[in-house]
$ cat upload22.txt   # compact mmCIF, C-alpha atoms
# COMPACT_ATOMS: atom_id res chain seq x y z
CA MET A 1 -39.37 -13.29 -28.39
CA LEU A 2 -37.74 -9.88 -28.69
CA LEU A 3 -36.54 -9.82 -25.09
CA ARG A 4 -34.96 -13.25 -25.53
CA ALA A 5 -33.24 -12.24 -28.78
CA LEU A 6 -32.13 -8.82 -27.57
CA CYS A 7 -32.07 -8.37 -23.79
CA ALA A 8 -31.13 -11.93 -22.83
CA ALA A 9 -28.61 -12.13 -25.67
CA SER A 10 -26.99 -8.82 -24.65
CA VAL A 11 -26.73 -9.86 -21.00
CA ASP A 12 -25.30 -13.22 -22.04
CA ALA A 13 -22.66 -11.51 -24.22
CA ALA A 14 -21.69 -9.20 -21.35
CA ASN A 15 -21.44 -12.14 -18.95
CA ARG A 16 -19.24 -14.12 -21.33
CA ALA A 17 -17.00 -11.10 -21.88
CA GLY A 18 -16.52 -10.66 -18.14
CA ALA A 19 -18.13 -7.21 -18.15
CA PHE A 20 -21.18 -8.31 -16.15
CA ASN A 21 -22.25 -11.13 -13.86
CA GLY A 22 -26.03 -10.94 -13.96
CA ARG A 23 -29.01 -13.22 -14.46
CA ILE A 24 -32.58 -12.57 -15.56
CA VAL A 25 -35.85 -13.59 -13.94
CA VAL A 26 -38.55 -13.66 -16.62
CA VAL A 27 -42.07 -12.62 -15.60
CA GLN A 28 -44.76 -14.00 -17.90
CA SER A 29 -47.59 -11.48 -17.77
CA THR A 30 -50.25 -13.51 -19.59
CA PRO A 31 -51.58 -17.07 -19.09
CA GLN A 32 -50.08 -18.14 -22.42
CA GLY A 33 -46.33 -18.07 -22.72
CA ASN A 34 -43.06 -19.91 -22.41
CA ALA A 35 -42.48 -19.95 -18.65
CA ARG A 36 -42.90 -23.72 -18.43
CA ALA A 37 -40.44 -24.35 -21.26
CA ILE A 38 -37.94 -21.85 -19.82
CA ASN A 39 -37.94 -23.60 -16.46
CA ALA A 40 -37.84 -27.07 -18.03
CA GLN A 41 -34.68 -26.04 -19.92
CA ASP A 42 -33.06 -24.32 -16.89
CA GLY A 43 -33.39 -20.99 -18.69
CA LEU A 44 -31.23 -22.10 -21.63
CA PHE A 45 -32.25 -21.48 -25.22
CA THR A 46 -30.61 -21.32 -28.64
CA LEU A 47 -30.52 -18.10 -30.61
CA VAL A 48 -30.31 -18.67 -34.37
CA GLU A 49 -29.00 -15.61 -36.22
CA ARG A 50 -29.50 -15.62 -39.98
CA GLY A 51 -29.36 -12.85 -42.51
CA LEU A 52 -27.39 -10.66 -44.87
CA GLN A 53 -24.55 -8.34 -43.93
CA ASN A 54 -23.05 -6.19 -46.67
CA GLY A 55 -24.71 -8.49 -49.17
CA ALA A 56 -23.12 -11.69 -47.78
CA PRO A 57 -25.09 -14.44 -46.00
CA VAL A 58 -24.46 -14.90 -42.27
CA GLU A 59 -25.65 -17.88 -40.24
CA ARG A 60 -24.67 -18.69 -36.66
CA THR A 61 -26.12 -20.17 -33.45
CA ARG A 62 -25.55 -19.15 -29.85
CA LEU A 63 -26.59 -20.87 -26.62
CA ILE A 64 -27.95 -18.17 -24.32
CA GLY A 65 -27.56 -18.79 -20.58
CA SER A 66 -28.50 -15.49 -18.95
CA ILE A 67 -32.01 -16.49 -17.78
CA SER A 68 -32.24 -18.10 -14.33
CA ARG A 69 -35.95 -18.92 -14.26
CA ALA A 70 -39.44 -17.76 -15.18
CA LEU A 71 -42.45 -16.82 -13.08
CA VAL A 72 -46.10 -16.62 -14.13
CA ALA A 73 -47.54 -13.35 -12.87
CA ASP A 74 -51.11 -14.59 -12.36
CA ALA A 75 -50.03 -17.55 -10.23
CA GLU A 76 -46.78 -16.36 -8.62
CA TRP A 77 -47.22 -12.68 -7.98
CA GLU A 78 -45.95 -12.77 -4.41
CA ALA A 79 -42.73 -14.34 -5.68
CA VAL A 80 -42.41 -11.45 -8.15
CA ARG A 81 -42.86 -8.94 -5.30
CA GLU A 82 -40.28 -10.80 -3.22
CA ILE A 83 -37.69 -10.54 -6.00
CA ALA A 84 -38.42 -6.81 -6.31
CA ALA A 85 -37.33 -6.36 -2.69
CA ARG A 86 -33.91 -7.93 -3.19
CA PRO A 87 -30.94 -5.53 -3.26
CA GLU A 88 -29.31 -7.47 -6.12
CA LEU A 89 -32.21 -6.53 -8.41
CA ARG A 90 -31.02 -3.45 -10.25
CA VAL A 91 -32.91 -3.41 -13.57
CA ILE A 92 -36.47 -4.05 -14.76
CA VAL A 93 -36.99 -4.36 -18.53
CA SER A 94 -40.48 -4.44 -20.06
CA ASN A 95 -42.02 -5.25 -23.42
CA VAL A 96 -45.84 -5.32 -23.42
CA THR A 97 -46.49 -3.89 -26.93
CA GLU A 98 -48.03 -0.50 -27.64
CA ALA A 99 -51.50 -1.78 -26.69
CA GLY A 100 -50.38 -2.71 -23.16
CA PHE A 101 -48.48 0.52 -22.64
CA ARG A 102 -51.50 2.45 -21.36
CA ILE A 103 -52.51 3.33 -17.83
CA GLU A 104 -55.80 1.46 -18.21
CA ALA A 105 -53.97 -1.72 -19.18
CA GLY A 106 -52.71 -4.12 -16.53
CA PHE A 107 -48.98 -3.53 -16.91
CA PRO A 108 -48.54 -0.05 -15.32
CA ALA A 109 -50.53 -1.11 -12.24
CA ARG A 110 -48.49 -4.29 -11.86
CA LEU A 111 -45.23 -2.41 -12.21
CA THR A 112 -46.41 0.10 -9.62
CA ASP A 113 -47.19 -2.75 -7.23
CA VAL A 114 -43.72 -4.25 -7.78
CA LEU A 115 -42.11 -0.89 -7.04
CA ARG A 116 -44.30 -0.44 -3.96
CA ALA A 117 -43.08 -3.81 -2.67
CA ARG A 118 -39.50 -2.59 -3.01
CA PHE A 119 -40.38 0.70 -1.29
CA GLU A 120 -42.03 -1.11 1.62
CA ARG A 121 -39.36 -3.77 2.11
CA LEU A 122 -36.14 -2.17 0.83
CA GLU A 123 -36.64 1.56 1.14
CA ASP A 124 -32.91 2.29 1.46
CA GLY A 125 -31.84 -0.16 -1.25
CA PRO A 126 -29.73 0.73 -4.29
CA PRO A 127 -31.23 2.70 -7.20
CA LEU A 128 -33.40 0.74 -9.59
CA PHE A 129 -33.43 1.30 -13.35
CA VAL A 130 -36.70 0.68 -15.24
CA ILE A 131 -36.14 0.30 -18.99
CA PRO A 132 -39.26 -0.01 -21.18
CA THR A 133 -38.65 -1.31 -24.70
CA GLU A 134 -42.12 -0.71 -26.11
CA LEU A 135 -42.01 1.17 -29.42
CA VAL A 136 -43.57 4.33 -28.02
CA PRO A 137 -41.90 7.77 -28.18
CA ASP A 138 -40.32 8.82 -24.86
CA ASN A 139 -41.34 5.52 -23.30
CA GLY A 140 -39.34 6.20 -20.13
CA PRO A 141 -41.05 9.46 -19.11
CA GLN A 142 -44.42 8.09 -20.26
CA LEU A 143 -44.09 5.07 -18.02
CA ALA A 144 -42.83 7.22 -15.14
CA GLY A 145 -45.92 9.41 -15.48
CA MET A 146 -48.30 6.43 -15.39
CA VAL A 147 -46.58 4.97 -12.33
CA ASP A 148 -46.61 8.34 -10.55
CA GLU A 149 -50.34 8.69 -11.15
CA LEU A 150 -51.05 5.19 -9.87
CA ALA A 151 -48.74 5.71 -6.89
CA GLY A 152 -51.14 8.31 -5.54
CA ASN A 153 -53.39 5.54 -4.23
CA GLY A 154 -52.75 3.63 -1.01
CA ASN A 155 -50.91 4.24 2.25
CA ARG A 156 -47.93 6.60 2.42
CA ALA A 157 -48.65 7.79 -1.11
CA ASP A 158 -46.57 10.97 -0.76
CA ALA A 159 -43.61 9.07 0.69
CA PHE A 160 -43.87 6.46 -2.08
CA ARG A 161 -43.83 9.16 -4.72
CA ARG A 162 -40.78 10.81 -3.16
CA TRP A 163 -39.04 7.44 -3.07
CA LEU A 164 -39.86 6.82 -6.73
CA SER A 165 -38.36 10.18 -7.64
CA ALA A 166 -35.19 9.51 -5.66
CA ARG A 167 -34.60 5.79 -6.16
CA VAL A 168 -36.14 4.74 -9.48
CA ARG A 169 -34.79 5.93 -12.81
CA PHE A 170 -37.06 5.44 -15.81
CA CYS A 171 -34.92 5.22 -18.96
CA SER A 172 -36.29 5.57 -22.47
CA SER A 173 -34.93 2.92 -24.77
CA LEU A 174 -35.02 1.89 -28.39
CA VAL A 175 -34.77 -1.72 -29.56
CA ASP A 176 -34.07 -2.85 -33.10
CA ARG A 177 -33.92 -6.50 -34.02
CA ILE A 178 -36.26 -8.33 -36.39
CA THR A 179 -37.21 -11.48 -34.52
CA THR A 180 -39.55 -14.15 -35.81
CA GLY A 181 -39.23 -16.51 -32.85
CA ALA A 182 -39.74 -20.21 -33.40
CA PRO A 183 -38.55 -21.55 -36.77
CA PRO A 184 -41.11 -23.01 -39.20
CA PRO A 185 -41.81 -26.71 -38.56
CA ASP A 186 -39.96 -27.78 -41.71
CA GLN A 187 -36.80 -26.01 -40.47
CA ARG A 188 -36.86 -27.03 -36.80
CA GLY A 189 -35.79 -30.62 -37.43
CA VAL A 190 -32.86 -29.54 -39.60
CA LEU A 191 -31.69 -27.01 -37.00
CA GLU A 192 -32.01 -29.43 -34.09
CA ALA A 193 -30.18 -32.14 -36.03
CA ALA A 194 -27.28 -29.73 -36.65
CA LEU A 195 -27.27 -28.67 -32.99
CA GLY A 196 -27.47 -32.22 -31.69
CA TYR A 197 -30.28 -31.48 -29.23
CA ALA A 198 -33.94 -30.47 -29.11
CA ASP A 199 -34.84 -26.96 -28.00
CA GLU A 200 -38.45 -25.93 -27.47
CA LEU A 201 -37.31 -22.30 -27.25
CA LEU A 202 -35.37 -22.03 -30.51
CA THR A 203 -35.42 -18.33 -31.34
CA VAL A 204 -34.70 -17.07 -34.85
CA ALA A 205 -33.56 -13.48 -35.40
CA GLU A 206 -31.52 -11.45 -37.83
CA PRO A 207 -27.81 -10.85 -37.11
CA TYR A 208 -28.41 -7.11 -36.67
CA SER A 209 -29.10 -6.12 -33.07
CA PHE A 210 -29.25 -2.64 -31.58
CA TRP A 211 -30.38 -1.38 -28.17
CA ALA A 212 -30.06 2.30 -27.24
CA ILE A 213 -30.82 3.27 -23.62
CA GLU A 214 -31.21 6.89 -22.55
CA ALA A 215 -29.47 7.50 -19.25
CA ASP A 216 -26.36 8.88 -17.65
CA PRO A 217 -23.97 6.27 -19.07
CA ARG A 218 -21.78 6.15 -15.96
CA ALA A 219 -24.74 5.73 -13.60
CA LEU A 220 -26.39 2.97 -15.65
CA ARG A 221 -23.07 1.22 -16.21
CA THR A 222 -22.59 0.76 -12.46
CA ALA A 223 -25.68 -1.45 -12.36
CA PHE A 224 -25.95 -2.81 -15.90
CA PRO A 225 -22.61 -2.76 -17.79
CA ILE A 226 -23.86 -4.59 -20.86
CA ASP A 227 -22.56 -1.93 -23.26
CA LEU A 228 -18.98 -2.95 -22.46
CA ALA A 229 -19.13 -6.51 -23.77
CA SER A 230 -16.39 -7.29 -26.26
CA PRO A 231 -15.81 -8.90 -28.64
CA ARG A 232 -19.26 -8.70 -30.20
CA PRO A 233 -20.61 -9.63 -33.62
CA ALA A 234 -20.04 -6.64 -35.87
CA ALA A 235 -23.70 -5.70 -36.21
CA GLU A 236 -24.64 -6.13 -32.55
CA SER A 237 -24.38 -3.24 -30.14
CA VAL A 238 -25.77 -1.67 -26.98
CA VAL A 239 -25.49 2.09 -26.57
CA PHE A 240 -25.97 4.17 -23.42
CA ALA A 241 -26.43 7.87 -24.21
CA PRO A 242 -27.89 10.97 -22.52
CA ASP A 243 -30.12 11.50 -25.57
CA ILE A 244 -31.26 8.69 -27.92
CA GLY A 245 -33.55 10.86 -30.04
CA PHE A 246 -31.54 10.28 -33.20
CA TYR A 247 -31.66 6.49 -32.85
CA ALA A 248 -35.36 6.51 -31.94
CA GLU A 249 -36.38 8.66 -34.89
CA ARG A 250 -34.21 6.63 -37.27
CA LYS A 251 -35.74 3.31 -36.30
CA LEU A 252 -39.33 4.40 -35.68
CA ARG A 253 -39.65 6.18 -39.01
CA LEU A 254 -37.37 4.34 -41.42
CA LEU A 255 -38.02 0.76 -40.29
CA ASN A 256 -41.20 0.62 -38.20
CA ALA A 257 -43.21 3.13 -40.24
CA THR A 258 -42.20 1.37 -43.44
CA HIS A 259 -43.41 -1.95 -42.00
CA THR A 260 -46.69 -0.41 -40.85
CA ALA A 261 -47.41 1.45 -44.07
CA MET A 262 -46.61 -1.55 -46.27
CA ALA A 263 -48.53 -4.23 -44.35
CA PRO A 264 -52.06 -3.51 -45.70
CA LEU A 265 -50.78 -3.19 -49.27
CA ALA A 266 -48.87 -6.47 -49.08
CA LEU A 267 -51.85 -8.33 -47.63
CA LEU A 268 -54.20 -6.92 -50.26
CA ALA A 269 -51.71 -8.15 -52.87
CA GLY A 270 -51.67 -11.62 -51.33
CA VAL A 271 -47.99 -11.38 -50.36
CA ARG A 272 -47.19 -13.24 -47.14
CA THR A 273 -43.74 -12.10 -46.00
CA VAL A 274 -41.59 -9.00 -45.97
CA ARG A 275 -38.93 -10.67 -48.11
CA GLU A 276 -41.49 -11.59 -50.77
CA ALA A 277 -42.71 -8.00 -50.83
CA VAL A 278 -39.21 -6.56 -51.34
CA GLU A 279 -38.62 -9.02 -54.18
CA HIS A 280 -42.04 -8.34 -55.74
CA PRO A 281 -41.52 -6.22 -58.89
CA ARG A 282 -44.14 -3.64 -57.92
CA LEU A 283 -44.32 -3.82 -54.13
CA GLY A 284 -40.53 -3.70 -53.90
CA ALA A 285 -40.29 -0.65 -56.12
CA PHE A 286 -43.13 1.01 -54.22
CA LEU A 287 -41.46 0.32 -50.85
CA ARG A 288 -38.19 1.91 -51.96
CA ARG A 289 -39.95 4.94 -53.42
CA MET A 290 -41.98 5.50 -50.27
CA LEU A 291 -38.95 5.07 -48.01
CA PHE A 292 -36.47 7.24 -49.91
CA ASP A 293 -38.79 9.82 -51.52
CA GLU A 294 -41.36 10.44 -48.80
CA ILE A 295 -40.39 8.99 -45.41
CA ILE A 296 -36.80 10.27 -45.28
CA PRO A 297 -37.77 13.82 -46.39
CA ALA A 298 -40.42 13.88 -43.63
CA THR A 299 -37.84 13.28 -40.87
CA ASP A 300 -35.25 15.51 -39.24
CA LEU A 301 -32.52 12.93 -39.80
CA PRO A 302 -29.30 13.99 -41.59
CA GLY A 303 -29.73 12.95 -45.21
CA GLU A 304 -26.62 10.80 -45.63
CA ALA A 305 -27.11 8.95 -42.32
CA ALA A 306 -30.79 8.39 -43.10
CA GLU A 307 -30.10 6.99 -46.56
CA GLU A 308 -27.36 4.69 -45.26
CA PHE A 309 -29.70 3.28 -42.60
CA ALA A 310 -32.54 3.01 -45.13
CA ARG A 311 -30.33 0.94 -47.42
CA SER A 312 -29.53 -1.37 -44.49
CA VAL A 313 -33.27 -1.66 -43.77
CA VAL A 314 -33.95 -2.84 -47.32
CA GLU A 315 -31.15 -5.39 -47.00
CA ARG A 316 -32.60 -6.63 -43.69
CA PHE A 317 -36.03 -6.92 -45.29
CA ARG A 318 -34.44 -9.13 -47.99
CA ASN A 319 -33.19 -11.61 -45.36
CA PRO A 320 -33.61 -15.01 -47.09
CA TRP A 321 -34.04 -16.89 -43.80
CA LEU A 322 -36.64 -14.78 -42.02
CA ASP A 323 -40.29 -15.44 -42.78
CA HIS A 324 -41.47 -12.16 -41.26
CA GLU A 325 -45.19 -12.30 -41.95
CA TRP A 326 -47.25 -9.23 -42.69
CA ARG A 327 -50.19 -10.61 -40.69
CA VAL A 328 -47.99 -10.49 -37.57
CA ILE A 329 -46.75 -6.99 -38.37
CA LEU A 330 -50.40 -5.93 -38.72
CA THR A 331 -50.99 -6.53 -34.97
CA ASN A 332 -52.20 -3.31 -33.27
CA GLN A 333 -52.18 -1.66 -36.69
CA GLU A 334 -54.39 1.28 -35.70
CA ASP A 335 -52.08 2.33 -32.85
CA LYS A 336 -49.04 1.86 -35.07
CA MET A 337 -50.49 4.03 -37.84
CA ARG A 338 -51.15 6.86 -35.40
CA ILE A 339 -47.70 6.68 -33.80
CA ARG A 340 -45.49 5.80 -36.75
CA VAL A 341 -47.08 6.96 -40.00
CA VAL A 342 -49.40 9.91 -39.37
CA PRO A 343 -46.60 12.23 -38.13
CA LEU A 344 -44.76 11.56 -41.41
CA ILE A 345 -47.83 12.54 -43.43
CA VAL A 346 -48.22 15.80 -41.51
CA ALA A 347 -44.51 16.63 -41.73
CA PHE A 348 -44.21 15.87 -45.45
CA ALA A 349 -47.27 17.94 -46.32
CA GLY A 350 -45.98 20.84 -44.25
CA ARG A 351 -42.50 20.76 -45.76
CA ARG A 352 -43.31 20.00 -49.39
CA GLY A 353 -46.69 21.69 -49.69
CA ARG A 354 -48.24 18.63 -51.32
CA ALA A 355 -49.63 15.25 -50.39
CA PRO A 356 -47.28 12.26 -50.03
CA GLU A 357 -48.83 10.00 -52.67
CA SER A 358 -47.25 6.74 -51.46
CA LEU A 359 -48.31 7.31 -47.86
CA ALA A 360 -51.78 8.28 -49.11
CA LEU A 361 -52.01 4.92 -50.88
CA ALA A 362 -50.81 3.17 -47.73
CA CYS A 363 -53.60 4.82 -45.73
CA ALA A 364 -56.12 3.94 -48.43
CA ALA A 365 -55.04 0.30 -48.24
CA HIS A 366 -55.27 0.40 -44.44
CA LEU A 367 -58.90 1.56 -44.59
CA THR A 368 -59.75 -0.81 -47.47
CA LEU A 369 -58.40 -3.78 -45.53
CA ARG A 370 -60.58 -2.79 -42.57
CA SER A 371 -63.62 -2.13 -44.82
CA LEU A 372 -63.91 1.47 -43.65
CA PRO A 373 -65.41 4.21 -45.87
CA PRO A 374 -63.41 7.12 -47.33
CA GLU A 375 -65.09 9.51 -44.87
CA THR A 376 -62.93 7.91 -42.16
CA LEU A 377 -59.96 9.81 -43.58
CA ALA A 378 -61.29 12.98 -41.98
CA ASP A 379 -61.94 11.42 -38.55
CA PRO A 380 -59.32 12.54 -35.99
CA ALA A 381 -60.45 9.77 -33.63
CA VAL A 382 -59.07 7.23 -36.10
CA TRP A 383 -55.80 8.96 -36.94
CA GLY A 384 -54.95 10.86 -33.77
CA ALA A 385 -54.53 14.01 -35.87
CA ARG A 386 -56.67 16.37 -37.93
CA LEU A 387 -55.96 14.96 -41.37
CA ASP A 388 -59.07 16.81 -42.50
CA ARG A 389 -56.85 19.89 -42.32
CA LEU A 390 -54.78 18.39 -45.14
CA PRO A 391 -57.37 18.41 -47.94
CA ALA A 392 -54.84 17.44 -50.61
CA PHE A 393 -53.91 14.35 -48.64
CA VAL A 394 -57.53 13.38 -47.98
CA ALA A 395 -58.28 13.81 -51.69
CA ALA A 396 -55.30 11.67 -52.69
CA ALA A 397 -56.13 8.87 -50.24
CA THR A 398 -59.80 8.94 -51.30
CA ARG A 399 -58.75 8.69 -54.95
CA TRP A 400 -56.56 5.65 -54.13
CA MET A 401 -59.41 4.00 -52.20
CA LEU A 402 -61.71 4.35 -55.17
CA ALA A 403 -59.00 3.01 -57.48
CA LEU A 404 -58.44 0.00 -55.24
CA GLU A 405 -62.16 -0.76 -55.33
CA ARG A 406 -62.47 -0.21 -59.07
CA ASP A 407 -59.19 -1.55 -60.49
CA GLY A 408 -57.68 -3.83 -57.83
CA ILE A 409 -54.34 -3.82 -56.06
CA GLU A 410 -52.12 -4.89 -58.96
CA ALA A 411 -53.32 -2.11 -61.26
CA VAL A 412 -53.04 0.45 -58.44
CA LEU A 413 -49.47 -0.59 -57.63
CA ALA A 414 -48.55 -0.38 -61.30
CA GLU A 415 -50.03 3.14 -61.46
CA ALA A 416 -48.24 4.19 -58.26
CA VAL A 417 -44.83 2.97 -59.42
CA LEU A 418 -45.33 4.46 -62.90
CA ALA A 419 -46.33 7.81 -61.38
CA HIS A 420 -43.07 7.91 -59.42
CA ASP A 421 -41.00 6.92 -62.45

$ encode --input "upload22.txt" --output "C-alpha cells"
Amino acid sequence: MLLRALCAASVDAANRAGAFNGRIVVVQSTPQGNARAINAQDGLFTLVERGLQNGAPVERTRLIGSISRALVADAEWEAVREIAARPELRVIVSNVTEAGFRIEAGFPARLTDVLRARFERLEDGPPLFVIPTELVPDNGPQLAGMVDELAGNGNRADAFRRWLSARVRFCSSLVDRITTGAPPPDQRGVLEAALGYADELLTVAEPYSFWAIEADPRALRTAFPIDLASPRPAAESVVFAPDIGFYAERKLRLLNATHTAMAPLALLAGVRTVREAVEHPRLGAFLRRMLFDEIIPATDLPGEAAEEFARSVVERFRNPWLDHEWRVILTNQEDKMRIRVVPLIVAFAGRRGRAPESLALACAAHLTLRSLPPETLADPAVWGARLDRLPAFVAAATRWMLALERDGIEAVLAEAVLAHD
C-alpha cells in the first residue's frame, strides 16, 4: 500500500512533469497480494488523497500509471532475475516491514540473489541504486551489510563483493505518508460512482507525502530524477540529500513513536482509530502532552522545527477521512517499541534526571495488553536496552501497571492528564 501511495505516485508525478520516463515492475514477495489485480488493470490504480491542510479539508483523486506489471516471487523468480540483468533497471525499492528486515528473513537473501544475477549477466552495466524504505535507522548501510555477508557464499564470492562495492549504491531513505489502502466497503461504492469506473486497487492516503533519500543528489538524479517533478501538490515532496538524519529523526520520533506508544493505550480504552483517539477528551490530551512534553525534549531536533512538525502530526492524526486503526499500527509492536520508543525513554531520563511519566504509562499499557508481568520491565531481551538501569522509570511503569489493573484505563488516563495539568 505504501509503495503504491508513495513510490508509484512519485514516479507517476515525475513522468507527467517530463522529468522522468520510467516504469515500475512490482515484485510480490508473499503468496497473498495484489499482483493479479495489478496485471488485470494494466498496472493502473486510483490514489484517493483526503485530509486536512492548514485546517482546511482537501479531497482529490489521481490515476497512477507508473506500474507496468507485477510478478509473484514464489512462482516467477527467474523472471525477476531476468529483469535484474537489464541495463534499463536502475533502481530497486523495498518495503518488507521491520520484521522482514533481518538477515534471517527471506528478503536479504532474495535481494542478494537478484544482485548476483545482475553481476553474472551484466557485470559492466550501469550503477544500480537500492533504496530500502523500511522504518529502520540507517536502513541503507544495514541492508548493504546483510547483502555483503550473504554474498560471501557461492562462486566468485570475492569478485561479487567487489562488484557490489563498485556498482551498487545502498541509499538510506525515509518515507512519510499515512496510507490506509482500500477504502471501507461503505465508501467504495460512493468513490467508484464518482469516478465512473470500478477499481480493485483503490488506495486511500493522506495528502501529505514525503520521501527523503540519502545519496549524492547529482548521482541519484541521473538514474532517478523524481525529485524534479513540478508542479506538485503543496504537501508532496521528494528530497535527495547527502544526510537525511534530520528528516529520519523527525519522523521516527515525532510520528512513528507517538503511534507506537499510543496504540496499547487506545486499544485498552476501546478506541478503534487514530482520529477517535485525538478527539477523545483524555486520550487526545494525553497524546499532546506526551508528544510535546516528553518526546520532543528527548530528541536532538531544533525546538521550533520539532514543534511545527508535531503540530502537523496532530492535524494529520485528525484526518476525518482516514480510518487508521490502532490494531494495524500494533503490528510488530515489540520491534517498534525497541526501535522507536525505548531510545526516547533513555534520552529523556538522561537529560531531565527523572522518568518520563507518559512514556512509562505507554510501556505499562504495552505490557498489560500482552499480559506480561511488571518484572518484564527489567528484562533487556524485551526492550533491547537495560531499562533496569533506570530505576525511576521502572518504578513509574510498575506503578502505572498496578493502577491499570486496579482502577482501569479511564481512571488512569484521567490521573495522567490531571498530573500533567

$ closest_residue --input "upload22.txt" --among "A:Ala298, A:Leu143, A:Cys363, A:Val91" --to "Trp400 of chain A" --atoms "all atoms listed in the file"
A:Cys363

$ atom_distance --input "upload22.txt" --atom1 "atom CA of Val238 of chain A" --atom2 "atom CA of Arg221 of chain A"
11.5 Å

$ atom_distance --input "upload22.txt" --atom1 "atom CA of Ala182 of chain A" --atom2 "atom CA of Arg23 of chain A"
22.9 Å

$ atom_distance --input "upload22.txt" --atom1 "atom CA of Arg81 of chain A" --atom2 "atom CA of Ala109 of chain A"
13.0 Å

$ closest_residue --input "upload22.txt" --among "A:Ala166, A:Val314, A:Ile295, A:Ala73" --to "Leu254 of chain A" --atoms "all atoms listed in the file"
A:Ile295

$ residues_around --input "upload22.txt" --residues "Gln333 of chain A" --least-positions-apart "6" --cutoff "9 Å" --atoms "all atoms listed in the file" --output "PDB file with C-alpha atoms, in the frame of the given file"
ATOM      1  CA  THR A 260     -46.690  -0.410 -40.850  1.00  0.00           C
ATOM      2  CA  ALA A 263     -48.530  -4.230 -44.350  1.00  0.00           C
ATOM      3  CA  HIS A 366     -55.270   0.400 -44.440  1.00  0.00           C
TER       4      HIS A 366
END

$ closest_residue --input "upload22.txt" --among "A:Ile226, A:Leu252, A:Leu418, A:Ala310" --to "Val11 of chain A" --atoms "only C-alpha atoms"
A:Ile226
